[in-house]
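Text of the file model_0.pdb, holding PDB, C-alpha atoms:
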ATOM      1  CA  MET A   1     -34.786  25.782  28.953
ATOM      2  CA  THR A   2     -35.323  29.497  29.585
ATOM      3  CA  ARG A   3     -35.053  32.031  26.797
ATOM      4  CA  ALA A   4     -31.608  33.346  27.780
ATOM      5  CA  PRO A   5     -29.865  29.926  27.807
ATOM      6  CA  LEU A   6     -31.729  29.005  24.603
ATOM      7  CA  ARG A   7     -30.492  32.159  22.868
ATOM      8  CA  HIS A   8     -26.983  31.381  24.133
ATOM      9  CA  ALA A   9     -27.144  27.824  22.799
ATOM     10  CA  LEU A  10     -28.420  28.980  19.418
ATOM     11  CA  ARG A  11     -25.716  31.648  19.234
ATOM     12  CA  ASN A  12     -23.037  29.039  19.997
ATOM     13  CA  ALA A  13     -24.467  26.677  17.389
ATOM     14  CA  MET A  14     -24.443  29.377  14.727
ATOM     15  CA  HIS A  15     -20.920  30.402  15.708
ATOM     16  CA  SER A  16     -19.728  26.781  15.413
ATOM     17  CA  ALA A  17     -21.418  26.437  12.023
ATOM     18  CA  ARG A  18     -19.735  29.613  10.757
ATOM     19  CA  ASN A  19     -16.357  28.408  11.994
ATOM     20  CA  ALA A  20     -16.837  25.009  10.325
ATOM     21  CA  ALA A  21     -17.801  26.676   7.057
ATOM     22  CA  ALA A  22     -14.807  29.021   7.230
ATOM     23  CA  THR A  23     -12.265  26.270   7.865
ATOM     24  CA  ARG A  24     -11.028  24.523   4.739
ATOM     25  CA  PRO A  25      -8.911  21.350   4.359
ATOM     26  CA  LEU A  26      -5.594  23.074   3.551
ATOM     27  CA  ASP A  27      -5.705  26.067   5.893
ATOM     28  CA  ALA A  28      -3.124  24.580   8.267
ATOM     29  CA  LEU A  29      -0.378  24.147   5.640
ATOM     30  CA  SER A  30       2.911  25.792   6.590
ATOM     31  CA  VAL A  31       4.011  26.162   2.945
ATOM     32  CA  ALA A  32       1.992  27.423  -0.012
ATOM     33  CA  PRO A  33       1.714  25.350  -3.190
ATOM     34  CA  ALA A  34       3.081  26.636  -6.483
ATOM     35  CA  GLY A  35      -0.263  25.650  -7.988
ATOM     36  CA  TRP A  36      -3.356  23.919  -6.544
ATOM     37  CA  TYR A  37      -6.240  22.718  -8.725
ATOM     38  CA  ASP A  38      -9.426  21.088  -7.434
ATOM     39  CA  VAL A  39     -12.656  21.200  -9.421
ATOM     40  CA  ALA A  40     -14.566  19.433  -6.651
ATOM     41  CA  ARG A  41     -14.030  21.694  -3.660
ATOM     42  CA  ARG A  42     -12.732  24.965  -2.252
ATOM     43  CA  ASP A  43      -9.643  23.907  -0.277
ATOM     44  CA  PHE A  44      -8.367  27.205   1.198
ATOM     45  CA  ALA A  45     -10.404  29.676   3.266
ATOM     46  CA  SER A  46      -8.262  32.421   1.716
ATOM     47  CA  TYR A  47      -9.485  31.463  -1.755
ATOM     48  CA  THR A  48     -12.853  33.036  -2.566
ATOM     49  CA  GLY A  49     -12.904  32.838  -6.370
ATOM     50  CA  ALA A  50     -14.612  30.428  -8.742
ATOM     51  CA  LEU A  51     -13.479  26.808  -8.966
ATOM     52  CA  CYS A  52     -13.812  26.536 -12.730
ATOM     53  CA  ARG A  53     -15.142  28.215 -15.863
ATOM     54  CA  ILE A  54     -17.639  26.143 -17.865
ATOM     55  CA  GLN A  55     -18.284  26.444 -21.592
ATOM     56  CA  ARG A  56     -21.428  24.753 -22.863
ATOM     57  CA  THR A  57     -21.566  23.076 -26.259
ATOM     58  CA  SER A  58     -24.933  24.360 -27.486
ATOM     59  CA  ASP A  59     -23.878  27.994 -27.969
ATOM     60  CA  ASN A  60     -20.371  28.193 -26.411
ATOM     61  CA  ALA A  61     -21.658  30.420 -23.593
ATOM     62  CA  GLU A  62     -19.308  30.528 -20.619
ATOM     63  CA  LEU A  63     -19.905  30.846 -16.881
ATOM     64  CA  ASP A  64     -17.671  30.884 -13.806
ATOM     65  CA  ILE A  65     -18.809  28.250 -11.305
ATOM     66  CA  GLY A  66     -18.125  28.692  -7.614
ATOM     67  CA  TYR A  67     -18.936  26.614  -4.563
ATOM     68  CA  ALA A  68     -22.002  26.019  -2.429
ATOM     69  CA  SER A  69     -22.218  26.941   1.263
ATOM     70  CA  ASP A  70     -20.479  23.671   2.200
ATOM     71  CA  GLY A  71     -17.465  24.482   0.011
ATOM     72  CA  TRP A  72     -18.196  21.868  -2.655
ATOM     73  CA  LEU A  73     -18.696  22.674  -6.337
ATOM     74  CA  ASP A  74     -22.008  24.373  -7.107
ATOM     75  CA  ILE A  75     -23.440  21.572  -9.253
ATOM     76  CA  ALA A  76     -26.864  23.235  -9.320
ATOM     77  CA  ALA A  77     -25.337  26.207 -11.142
ATOM     78  CA  ILE A  78     -23.690  23.845 -13.645
ATOM     79  CA  ALA A  79     -26.963  21.991 -14.244
ATOM     80  CA  ALA A  80     -28.796  25.259 -14.870
ATOM     81  CA  HIS A  81     -26.112  26.554 -17.240
ATOM     82  CA  CYS A  82     -25.763  23.277 -19.152
ATOM     83  CA  ALA A  83     -29.377  22.069 -19.237
ATOM     84  CA  GLY A  84     -29.914  20.023 -22.400
ATOM     85  CA  THR A  85     -26.296  20.214 -23.520
ATOM     86  CA  THR A  86     -22.713  19.264 -22.605
ATOM     87  CA  GLY A  87     -20.563  21.356 -20.275
ATOM     88  CA  ARG A  88     -16.774  21.408 -20.531
ATOM     89  CA  VAL A  89     -14.154  22.961 -18.253
ATOM     90  CA  LYS A  90     -12.437  25.794 -20.115
ATOM     91  CA  THR A  91     -10.498  27.014 -17.069
ATOM     92  CA  LEU A  92      -9.564  25.288 -13.813
ATOM     93  CA  TYR A  93      -8.689  28.046 -11.380
ATOM     94  CA  ASP A  94      -5.585  27.978  -9.200
ATOM     95  CA  GLN A  95      -6.561  28.084  -5.521
ATOM     96  CA  SER A  96      -2.997  28.710  -4.298
ATOM     97  CA  GLY A  97      -3.254  32.480  -4.608
ATOM     98  CA  ASN A  98      -0.585  32.552  -7.329
ATOM     99  CA  GLY A  99      -3.033  32.994 -10.204
ATOM    100  CA  ARG A 100      -1.615  30.042 -12.154
ATOM    101  CA  SER A 101      -4.853  28.731 -13.591
ATOM    102  CA  LEU A 102      -5.001  26.000 -16.251
ATOM    103  CA  THR A 103      -7.055  26.498 -19.405
ATOM    104  CA  ASN A 104      -7.821  25.323 -22.938
ATOM    105  CA  ALA A 105      -9.457  27.657 -25.456
ATOM    106  CA  THR A 106     -10.415  24.851 -27.868
ATOM    107  CA  HIS A 107     -13.836  23.573 -26.828
ATOM    108  CA  ALA A 108     -13.417  20.022 -28.159
ATOM    109  CA  GLN A 109     -10.189  19.666 -26.138
ATOM    110  CA  GLN A 110     -11.733  20.678 -22.815
ATOM    111  CA  PRO A 111     -12.573  17.925 -20.279
ATOM    112  CA  ILE A 112     -16.301  17.280 -19.799
ATOM    113  CA  ILE A 113     -17.885  18.099 -16.440
ATOM    114  CA  TYR A 114     -21.590  17.764 -17.347
ATOM    115  CA  ALA A 115     -23.083  15.342 -19.864
ATOM    116  CA  ALA A 116     -26.417  13.676 -20.569
ATOM    117  CA  ALA A 117     -28.116  15.842 -17.943
ATOM    118  CA  ALA A 118     -25.732  14.546 -15.272
ATOM    119  CA  GLN A 119     -22.753  15.836 -13.328
ATOM    120  CA  ILE A 120     -19.528  13.889 -13.948
ATOM    121  CA  VAL A 121     -18.451  12.291 -10.662
ATOM    122  CA  MET A 122     -15.506  10.311  -9.330
ATOM    123  CA  GLY A 123     -16.868   8.099  -6.607
ATOM    124  CA  THR A 124     -19.510  10.471  -5.282
ATOM    125  CA  LYS A 125     -17.644  13.762  -5.761
ATOM    126  CA  PRO A 126     -17.602  16.156  -8.749
ATOM    127  CA  ALA A 127     -14.902  15.546 -11.355
ATOM    128  CA  MET A 128     -13.904  16.105 -14.973
ATOM    129  CA  ASP A 129     -13.815  13.433 -17.688
ATOM    130  CA  PHE A 130     -10.675  13.298 -19.848
ATOM    131  CA  ASP A 131     -11.206  11.283 -23.047
ATOM    132  CA  GLY A 132      -7.665   9.954 -23.559
ATOM    133  CA  ALA A 133      -7.593  11.305 -27.103
ATOM    134  CA  GLY A 134      -7.032  15.041 -26.831
ATOM    135  CA  THR A 135      -8.546  16.685 -23.740
ATOM    136  CA  TYR A 136      -6.291  18.586 -21.341
ATOM    137  CA  LEU A 137      -5.806  21.862 -19.448
ATOM    138  CA  THR A 138      -2.533  23.781 -19.496
ATOM    139  CA  ARG A 139      -0.527  26.949 -18.894
ATOM    140  CA  ALA A 140       2.738  28.156 -20.454
ATOM    141  CA  ASP A 141       5.070  27.765 -17.471
ATOM    142  CA  ALA A 142       5.935  25.069 -14.946
ATOM    143  CA  CYS A 143       4.318  26.948 -12.044
ATOM    144  CA  GLY A 144       7.624  28.783 -11.672
ATOM    145  CA  LEU A 145       9.703  25.653 -11.037
ATOM    146  CA  THR A 146      12.976  25.409 -12.944
ATOM    147  CA  GLY A 147      16.407  23.809 -12.783
ATOM    148  CA  ALA A 148      17.448  21.194 -10.223
ATOM    149  CA  THR A 149      14.495  22.082  -8.067
ATOM    150  CA  ALA A 150      12.713  20.223  -5.309
ATOM    151  CA  TYR A 151       9.079  19.401  -5.891
ATOM    152  CA  THR A 152       6.017  17.620  -4.600
ATOM    153  CA  MET A 153       3.502  16.726  -7.291
ATOM    154  CA  GLY A 154       0.128  15.014  -7.068
ATOM    155  CA  PHE A 155      -2.929  13.953  -9.059
ATOM    156  CA  ILE A 156      -6.430  12.903  -7.975
ATOM    157  CA  GLY A 157      -8.062  10.597 -10.496
ATOM    158  CA  ASP A 158      -9.833   7.428 -11.582
ATOM    159  CA  GLY A 159      -8.371   5.995 -14.781
ATOM    160  CA  ASP A 160     -10.032   4.086 -17.618
ATOM    161  CA  ALA A 161      -7.033   3.079 -19.742
ATOM    162  CA  VAL A 162      -3.356   2.186 -19.444
ATOM    163  CA  GLY A 163      -0.338   4.322 -20.304
ATOM    164  CA  ARG A 164      -1.530   7.855 -19.564
ATOM    165  CA  VAL A 165       0.186  10.985 -18.203
ATOM    166  CA  SER A 166      -1.948  12.697 -15.571
ATOM    167  CA  ILE A 167       0.022  15.826 -14.584
ATOM    168  CA  LEU A 168       3.240  17.373 -15.888
ATOM    169  CA  ALA A 169       5.553  20.281 -15.185
ATOM    170  CA  GLY A 170       8.301  21.322 -17.599
ATOM    171  CA  ARG A 171       8.767  19.662 -20.992
ATOM    172  CA  ASN A 172       9.657  16.176 -22.150
ATOM    173  CA  SER A 173      13.266  16.892 -23.161
ATOM    174  CA  HIS A 174      16.366  14.801 -22.673
ATOM    175  CA  GLY A 175      20.129  15.112 -22.317
ATOM    176  CA  THR A 176      21.392  18.545 -21.343
ATOM    177  CA  ALA A 177      18.172  20.249 -22.501
ATOM    178  CA  GLY A 178      16.343  19.297 -19.347
ATOM    179  CA  PHE A 179      13.981  16.752 -17.876
ATOM    180  CA  ASN A 180      10.389  17.267 -16.889
ATOM    181  CA  ALA A 181       8.542  16.108 -13.801
ATOM    182  CA  TYR A 182       5.333  14.191 -14.291
ATOM    183  CA  GLN A 183       3.102  11.357 -13.177
ATOM    184  CA  TYR A 184       2.182   8.514 -15.483
ATOM    185  CA  GLU A 185      -0.714   6.147 -14.837
ATOM    186  CA  SER A 186       0.039   2.702 -16.293
ATOM    187  CA  GLY A 187      -3.248   0.899 -15.744
ATOM    188  CA  THR A 188      -5.157  -1.341 -13.378
ATOM    189  CA  ALA A 189      -2.155  -3.052 -11.805
ATOM    190  CA  ALA A 190       0.359  -0.248 -11.249
ATOM    191  CA  THR A 191       1.075   3.417 -11.547
ATOM    192  CA  ILE A 192       4.215   4.942 -13.055
ATOM    193  CA  VAL A 193       5.402   8.202 -11.565
ATOM    194  CA  GLY A 194       8.149   9.814 -13.608
ATOM    195  CA  SER A 195      10.647  12.580 -13.206
ATOM    196  CA  ALA A 196      12.672  12.197 -16.397
ATOM    197  CA  SER A 197      11.457  10.641 -19.659
ATOM    198  CA  ALA A 198       8.576   8.339 -20.521
ATOM    199  CA  ASN A 199       8.003   5.244 -18.372
ATOM    200  CA  THR A 200      10.871   5.929 -16.011
ATOM    201  CA  THR A 201       9.713   5.460 -12.454
ATOM    202  CA  PHE A 202       7.527   2.525 -11.448
ATOM    203  CA  GLY A 203       5.633   2.282  -8.190
ATOM    204  CA  SER A 204       3.729  -0.948  -7.661
ATOM    205  CA  LEU A 205       0.088  -0.782  -6.565
ATOM    206  CA  PRO A 206      -2.625  -3.295  -5.758
ATOM    207  CA  ALA A 207      -4.600  -4.477  -8.783
ATOM    208  CA  GLY A 208      -7.478  -2.143  -9.569
ATOM    209  CA  THR A 209      -6.030   0.973  -7.937
ATOM    210  CA  ASN A 210      -5.854   3.019 -11.122
ATOM    211  CA  SER A 211      -9.406   2.089 -12.116
ATOM    212  CA  ALA A 212     -10.791   3.343  -8.792
ATOM    213  CA  PRO A 213     -10.661   6.847  -7.256
ATOM    214  CA  HIS A 214      -7.137   7.390  -5.925
ATOM    215  CA  TYR A 215      -4.451  10.013  -5.427
ATOM    216  CA  SER A 216      -0.746   9.679  -6.178
ATOM    217  CA  ILE A 217       2.078  11.885  -4.919
ATOM    218  CA  SER A 218       5.754  12.042  -5.906
ATOM    219  CA  GLN A 219       8.516  14.038  -4.213
ATOM    220  CA  LEU A 220      12.115  14.833  -5.162
ATOM    221  CA  ALA A 221      14.683  16.853  -3.227
ATOM    222  CA  ALA A 222      16.547  19.772  -4.820
ATOM    223  CA  GLY A 223      19.599  18.589  -6.749
ATOM    224  CA  ALA A 224      18.669  14.953  -6.185
ATOM    225  CA  GLN A 225      18.933  12.109  -8.660
ATOM    226  CA  HIS A 226      15.786  10.710 -10.275
ATOM    227  CA  GLY A 227      16.251   7.368  -8.541
ATOM    228  CA  THR A 228      15.746   8.999  -5.137
ATOM    229  CA  ALA A 229      12.184  10.178  -5.847
ATOM    230  CA  THR A 230       9.656   9.008  -3.246
ATOM    231  CA  LEU A 231       6.196   7.820  -4.248
ATOM    232  CA  ARG A 232       2.936   7.580  -2.322
ATOM    233  CA  VAL A 233      -0.495   6.370  -3.395
ATOM    234  CA  ASN A 234      -3.598   6.731  -1.225
ATOM    235  CA  GLY A 235      -1.414   7.610   1.748
ATOM    236  CA  VAL A 236       0.842   4.558   1.448
ATOM    237  CA  ALA A 237       4.466   4.494   0.255
ATOM    238  CA  ALA A 238       4.878   2.905  -3.186
ATOM    239  CA  THR A 239       8.133   1.100  -3.919
ATOM    240  CA  GLU A 240      10.099   2.227  -6.953
ATOM    241  CA  THR A 241      11.077  -0.771  -9.073
ATOM    242  CA  ALA A 242      12.706   0.768 -12.159
ATOM    243  CA  GLU A 243      14.254   4.048 -13.296
ATOM    244  CA  LEU A 244      15.600   4.855 -16.753
ATOM    245  CA  PHE A 245      17.917   7.642 -15.533
ATOM    246  CA  PRO A 246      18.404   6.838 -11.829
ATOM    247  CA  THR A 247      21.611   8.870 -11.382
ATOM    248  CA  THR A 248      20.621  11.889 -13.479
ATOM    249  CA  VAL A 249      19.789  15.103 -11.625
ATOM    250  CA  LEU A 250      16.512  16.804 -12.539
ATOM    251  CA  SER A 251      16.963  19.836 -14.819
ATOM    252  CA  LEU A 252      13.453  21.230 -15.097
ATOM    253  CA  LEU A 253      12.517  23.635 -17.878
ATOM    254  CA  ASN A 254       9.966  26.262 -16.828
ATOM    255  CA  GLU A 255       7.868  25.821 -19.965
ATOM    256  CA  ARG A 256       4.572  24.075 -19.262
ATOM    257  CA  THR A 257       2.109  22.783 -16.694
ATOM    258  CA  ILE A 258      -0.452  20.298 -18.007
ATOM    259  CA  LEU A 259      -3.292  18.390 -16.411
ATOM    260  CA  GLY A 260      -4.182  15.360 -18.533
ATOM    261  CA  ALA A 261      -1.385  15.093 -21.112
ATOM    262  CA  LEU A 262       2.347  14.909 -21.856
ATOM    263  CA  TRP A 263       4.142  17.896 -23.402
ATOM    264  CA  ASN A 264       6.620  16.416 -25.859
ATOM    265  CA  SER A 265       8.902  18.715 -27.897
ATOM    266  CA  GLY A 266       6.306  21.438 -28.236
ATOM    267  CA  ALA A 267       3.241  19.237 -28.730
ATOM    268  CA  THR A 268       0.834  17.406 -26.449
ATOM    269  CA  SER A 269       0.680  13.600 -26.529
ATOM    270  CA  VAL A 270      -0.145  10.589 -24.307
ATOM    271  CA  TYR A 271      -3.458  11.910 -22.998
ATOM    272  CA  TYR A 272      -5.025  10.849 -19.704
ATOM    273  CA  ASP A 273      -8.155   8.708 -19.984
ATOM    274  CA  GLY A 274     -10.524   8.801 -17.009
ATOM    275  CA  ARG A 275     -11.942  11.109 -14.415
ATOM    276  CA  GLY A 276      -9.904  13.648 -12.512
ATOM    277  CA  ALA A 277     -10.623  16.154  -9.769
ATOM    278  CA  GLY A 278      -7.324  18.002 -10.122
ATOM    279  CA  GLY A 279      -3.708  18.082  -9.088
ATOM    280  CA  PHE A 280      -1.040  20.177  -7.400
ATOM    281  CA  ILE A 281       2.608  21.225  -7.430
ATOM    282  CA  PHE A 282       4.797  22.464  -4.560
ATOM    283  CA  GLY A 283       8.323  23.804  -4.982
ATOM    284  CA  SER A 284       9.613  21.717  -2.078
ATOM    285  CA  VAL A 285       9.530  18.299  -0.474
ATOM    286  CA  LEU A 286       6.701  18.541   2.034
ATOM    287  CA  SER A 287       7.310  18.015   5.724
ATOM    288  CA  ALA A 288       5.506  15.091   7.341
ATOM    289  CA  PRO A 289       2.799  17.334   8.887
ATOM    290  CA  ASP A 290       2.171  19.166   5.597
ATOM    291  CA  LEU A 291       2.116  15.900   3.653
ATOM    292  CA  ALA A 292      -0.471  14.526   6.072
ATOM    293  CA  ILE A 293      -2.654  17.610   5.529
ATOM    294  CA  VAL A 294      -2.417  17.273   1.745
ATOM    295  CA  GLU A 295      -3.177  13.559   1.817
ATOM    296  CA  ALA A 296      -6.182  14.065   4.074
ATOM    297  CA  ALA A 297      -7.492  16.706   1.656
ATOM    298  CA  CYS A 298      -7.025  14.365  -1.296
ATOM    299  CA  ALA A 299      -8.708  11.495   0.559
ATOM    300  CA  GLY A 300     -11.765  13.658   1.097
ATOM    301  CA  VAL A 301     -12.213  14.089  -2.667
ATOM    302  CA  ILE A 302     -12.086  10.399  -3.663
ATOM    303  CA  VAL A 303     -14.875   9.022  -1.425
TER     304      VAL A 303
END

As structure tokens, what does this structure read like?
Amino acid sequence: MTRAPLRHALRNAMHSARNAAATRPLDALSVAPAGWYDVARRDFASYTGALCRIQRTSDNAELDIGYASDGWLDIAAIAAHCAGTTGRVKTLYDQSGNGRSLTNATHAQQPIIYAAAAQIVMGTKPAMDFDGAGTYLTRADACGLTGATAYTMGFIGDGDAVGRVSILAGRNSHGTAGFNAYQYESGTAATIVGSASANTTFGSLPAGTNSAPHYSISQLAAGAQHGTATLRVNGVAATETAELFPTTVLSLLNERTILGALWNSGATSVYYDGRGAGGFIFGSVLSAPDLAIVEAACAGVIV
């Protein structure tokens, strides 16, 4: 090959590499999420901030952690910051562009991301470890969702124990005060995805799903009854088998977003136990093309 064609080939290769690096899994979405949280990876080309803020146990020093050239979490930076100690996620940044990050100022209540000189992983990808006893990340609004709203909600995780809430928007209130929207992981045989009160919506799953990396998504139309919520797990529709308030319309209070716990009358309870990469909330029922994009992005984090 002569020099000119060689230079042309190299230029094309570099151009293709730059384009691949610039394209992120969610760039083609036609609707923006109300909040998008992923500790493992940068999912939007438009998002150029850090993925999380780490606080180490030895001296409580904090550091924003970004992503490597491939878009995945910069685990080398975490290892350097947390050498010889434990690293916990103080803040999980919102990649949606809305600035709705989740945080926890109490160090002992922050999920662990680095322990025993090792990065926490889910499958092979970076994740956080929630202890099931008091670790969670939160913000004091429901990502702007309120009333009889439509929503799409999802969680990417790998559970250790039964009966745990993974992601919530609103507040666990009943009657005319309002109902929250949340997802509840019931254990190795099934997942429970709720939109009203505890243990309301059941979607059956193959045995072992909750104790392996998976993603679950629930959707509800604006003004719809709880019993009409649709459920999907790992890209497959899950059949609803029970609903405590099937004919009640969602009345969401814009009070709280939580990753890893239930917000019950002003206090956290029912903590998630297992690894989690993150979660997301949209203020609409996603179209089929947008849902496919979201599910493909989630699938890429659980391998």

- prompt: Which is closest to Ala28 (chain A) among A:Met122, A:Leu259, A:Ala117, A:Ala45, if we use only C-alpha atoms?
  reply: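 Answer, going by the shortest atom-to-atom distance: A:Ala45.
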
- Task: Tell me which of A:Ala116, A:His226, A:Cys52, A:Ser101 sits closest to Cys82 (chain A), counting only C-alpha atoms.
- Result: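 Closest to Cys82 (chain A), using only C-alpha atoms: A:Ala116.
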
Residue members of the PyMOL selection byres ((chain A and resi 62-71) around 10) in the file shown, as a PyMOL selection string = chain A and resi 20-24+39-45+48-57+59-61+72-78+81-82+87-93

What's around Ala169 (chain A) at 10 Å? Count all atoms listed in the file, leave out sequence neighbours fewer than 3 positions away in its own chain, and write the answer as a PDB file with C-alpha atoms, in the frame of the given file.
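So out-v7.pdb came out as:
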ATOM      1  CA  THR A 138      -2.533  23.781 -19.496  1.00  0.00           C
ATOM      2  CA  ARG A 139      -0.527  26.949 -18.894  1.00  0.00           C
ATOM      3  CA  ALA A 140       2.738  28.156 -20.454  1.00  0.00           C
ATOM      4  CA  ASP A 141       5.070  27.765 -17.471  1.00  0.00           C
ATOM      5  CA  ALA A 142       5.935  25.069 -14.946  1.00  0.00           C
ATOM      6  CA  CYS A 143       4.318  26.948 -12.044  1.00  0.00           C
ATOM      7  CA  GLY A 144       7.624  28.783 -11.672  1.00  0.00           C
ATOM      8  CA  LEU A 145       9.703  25.653 -11.037  1.00  0.00           C
ATOM      9  CA  THR A 146      12.976  25.409 -12.944  1.00  0.00           C
ATOM     10  CA  TYR A 151       9.079  19.401  -5.891  1.00  0.00           C
ATOM     11  CA  MET A 153       3.502  16.726  -7.291  1.00  0.00           C
ATOM     12  CA  ASN A 172       9.657  16.176 -22.150  1.00  0.00           C
ATOM     13  CA  PHE A 179      13.981  16.752 -17.876  1.00  0.00           C
ATOM     14  CA  ASN A 180      10.389  17.267 -16.889  1.00  0.00           C
ATOM     15  CA  ALA A 181       8.542  16.108 -13.801  1.00  0.00           C
ATOM     16  CA  TYR A 182       5.333  14.191 -14.291  1.00  0.00           C
ATOM     17  CA  GLN A 183       3.102  11.357 -13.177  1.00  0.00           C
ATOM     18  CA  SER A 195      10.647  12.580 -13.206  1.00  0.00           C
ATOM     19  CA  LEU A 252      13.453  21.230 -15.097  1.00  0.00           C
ATOM     20  CA  LEU A 253      12.517  23.635 -17.878  1.00  0.00           C
ATOM     21  CA  ASN A 254       9.966  26.262 -16.828  1.00  0.00           C
ATOM     22  CA  GLU A 255       7.868  25.821 -19.965  1.00  0.00           C
ATOM     23  CA  ARG A 256       4.572  24.075 -19.262  1.00  0.00           C
ATOM     24  CA  THR A 257       2.109  22.783 -16.694  1.00  0.00           C
ATOM     25  CA  ILE A 258      -0.452  20.298 -18.007  1.00  0.00           C
ATOM     26  CA  LEU A 259      -3.292  18.390 -16.411  1.00  0.00           C
ATOM     27  CA  LEU A 262       2.347  14.909 -21.856  1.00  0.00           C
ATOM     28  CA  TRP A 263       4.142  17.896 -23.402  1.00  0.00           C
ATOM     29  CA  ILE A 281       2.608  21.225  -7.430  1.00  0.00           C
TER      30      ILE A 281
END

Measure the distance from CA of Gln95 (chain A) to CA of Leu29 (chain A) in Å and round it to one decimal.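 Computing the Euclidean distance for CA of Gln95 (chain A) and CA of Leu29 (chain A) yields 13.4 Å.
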
| task | Expand the PyMOL selection byres ((chain A and resi 292) around 12) into the individual residues it matches in the shown file, reporting them as a ChimeraX atom specification. | result | /A:25-26,28-30,217,232,234-236,286-291,293-299

Export of the given selection (C-alpha atoms) as a PDB file, in the frame of the given file:
ATOM      1  CA  PRO A  25      -8.911  21.350   4.359  1.00  0.00           C
ATOM      2  CA  LEU A  26      -5.594  23.074   3.551  1.00  0.00           C
ATOM      3  CA  ALA A  28      -3.124  24.580   8.267  1.00  0.00           C
ATOM      4  CA  LEU A  29      -0.378  24.147   5.640  1.00  0.00           C
ATOM      5  CA  SER A  30       2.911  25.792   6.590  1.00  0.00           C
ATOM      6  CA  ILE A 217       2.078  11.885  -4.919  1.00  0.00           C
ATOM      7  CA  ARG A 232       2.936   7.580  -2.322  1.00  0.00           C
ATOM      8  CA  ASN A 234      -3.598   6.731  -1.225  1.00  0.00           C
ATOM      9  CA  GLY A 235      -1.414   7.610   1.748  1.00  0.00           C
ATOM     10  CA  VAL A 236       0.842   4.558   1.448  1.00  0.00           C
ATOM     11  CA  LEU A 286       6.701  18.541   2.034  1.00  0.00           C
ATOM     12  CA  SER A 287       7.310  18.015   5.724  1.00  0.00           C
ATOM     13  CA  ALA A 288       5.506  15.091   7.341  1.00  0.00           C
ATOM     14  CA  PRO A 289       2.799  17.334   8.887  1.00  0.00           C
ATOM     15  CA  ASP A 290       2.171  19.166   5.597  1.00  0.00           C
ATOM     16  CA  LEU A 291       2.116  15.900   3.653  1.00  0.00           C
ATOM     17  CA  ILE A 293      -2.654  17.610   5.529  1.00  0.00           C
ATOM     18  CA  VAL A 294      -2.417  17.273   1.745  1.00  0.00           C
ATOM     19  CA  GLU A 295      -3.177  13.559   1.817  1.00  0.00           C
ATOM     20  CA  ALA A 296      -6.182  14.065   4.074  1.00  0.00           C
ATOM     21  CA  ALA A 297      -7.492  16.706   1.656  1.00  0.00           C
ATOM     22  CA  CYS A 298      -7.025  14.365  -1.296  1.00  0.00           C
ATOM     23  CA  ALA A 299      -8.708  11.495   0.559  1.00  0.00           C
TER      24      ALA A 299
END

- request: On this file, the PyMOL selection byres ((chain A and resi 165) around 8) gives some set of residues; write that set as a list in words.
  value: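 In the shown coordinates, the PyMOL selection byres ((chain A and resi 165) around 8) covers Gly163, Arg164, Ser166, Ile167, Leu168, Tyr182, Gln183, Tyr184, Glu185, Gly260, Ala261, Leu262, Val270, Tyr271 and Tyr272 of chain A.
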
| said: Quick check, in Å to one decimal: how far apart do CA of Leu231 (chain A) and CA of Thr268 (chain A) lie? | reply: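 So the two atoms, CA of Leu231 (chain A) and CA of Thr268 (chain A), lie 24.8 Å apart.
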
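Taking only C-alpha atoms into account, Trp36 (chain A) lies nearest to A:Thr152 out of the set A:Thr124, A:Thr106, A:Ser265, A:Thr152.
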
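Within the 6 Å cut-off around Thr135 (chain A), using only C-alpha atoms and omitting residues fewer than 6 positions from it on the same chain, the listed residues are Gln109, Gln110 and Pro111 of chain A.
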
Using 8 Å of padding on each side, determine the axis-aligned box around all atoms of region 66-81 of chain A present in the file and give its centre and edge lengths in Å to one decimal, as JSON.
{"center_x": -23.1, "center_y": 25.1, "center_z": -7.5, "size_x": 27.3, "size_y": 23.1, "size_z": 35.4}

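Atom pair CA of Ala277 (chain A) / CA of Ile112 (chain A) has a distance of 11.6 Å (rounded to one decimal).
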
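Taking all atoms listed in the file into account, Gly99 (chain A) lies nearest to A:Tyr37 out of the set A:Phe155, A:Tyr114, A:Phe130, A:Tyr37.
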
* Asked: Which one of A:Met128, A:Ile120, A:Ala83, A:Ala222 sits closest to Ser284 (chain A) if you count only C-alpha atoms?
  ->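 Looking at the shortest contact to Ser284 (chain A), the residue is A:Ala222.
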
Rank nothing, just name the residue among A:Ala32, A:Arg171, A:Ala133, A:Tyr47 nearest to Ala267 (chain A), using only C-alpha atoms.
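Smallest separation from Ala267 (chain A) among the options: A:Arg171.
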
Could I get region 229-233 of chain A rebuilt with N, CA and C atoms, written as a PDB file, keeping the file's coordinate frame?
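Below is the file that was written, rebuild.pdb:
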ATOM      1  N   ALA A 229      13.552   9.673  -5.996  1.00  0.00           N
ATOM      2  CA  ALA A 229      12.184  10.178  -5.847  1.00  0.00           C
ATOM      3  C   ALA A 229      11.375   9.243  -4.952  1.00  0.00           C
ATOM      4  N   THR A 230      10.532   9.816  -4.096  1.00  0.00           N
ATOM      5  CA  THR A 230       9.656   9.008  -3.246  1.00  0.00           C
ATOM      6  C   THR A 230       8.240   9.068  -3.785  1.00  0.00           C
ATOM      7  N   LEU A 231       7.532   7.963  -3.675  1.00  0.00           N
ATOM      8  CA  LEU A 231       6.196   7.820  -4.248  1.00  0.00           C
ATOM      9  C   LEU A 231       5.219   7.409  -3.174  1.00  0.00           C
ATOM     10  N   ARG A 232       3.997   7.965  -3.249  1.00  0.00           N
ATOM     11  CA  ARG A 232       2.936   7.580  -2.322  1.00  0.00           C
ATOM     12  C   ARG A 232       1.623   7.520  -3.083  1.00  0.00           C
ATOM     13  N   VAL A 233       0.818   6.522  -2.768  1.00  0.00           N
ATOM     14  CA  VAL A 233      -0.495   6.370  -3.395  1.00  0.00           C
ATOM     15  C   VAL A 233      -1.516   6.071  -2.311  1.00  0.00           C
TER      16      VAL A 233
END
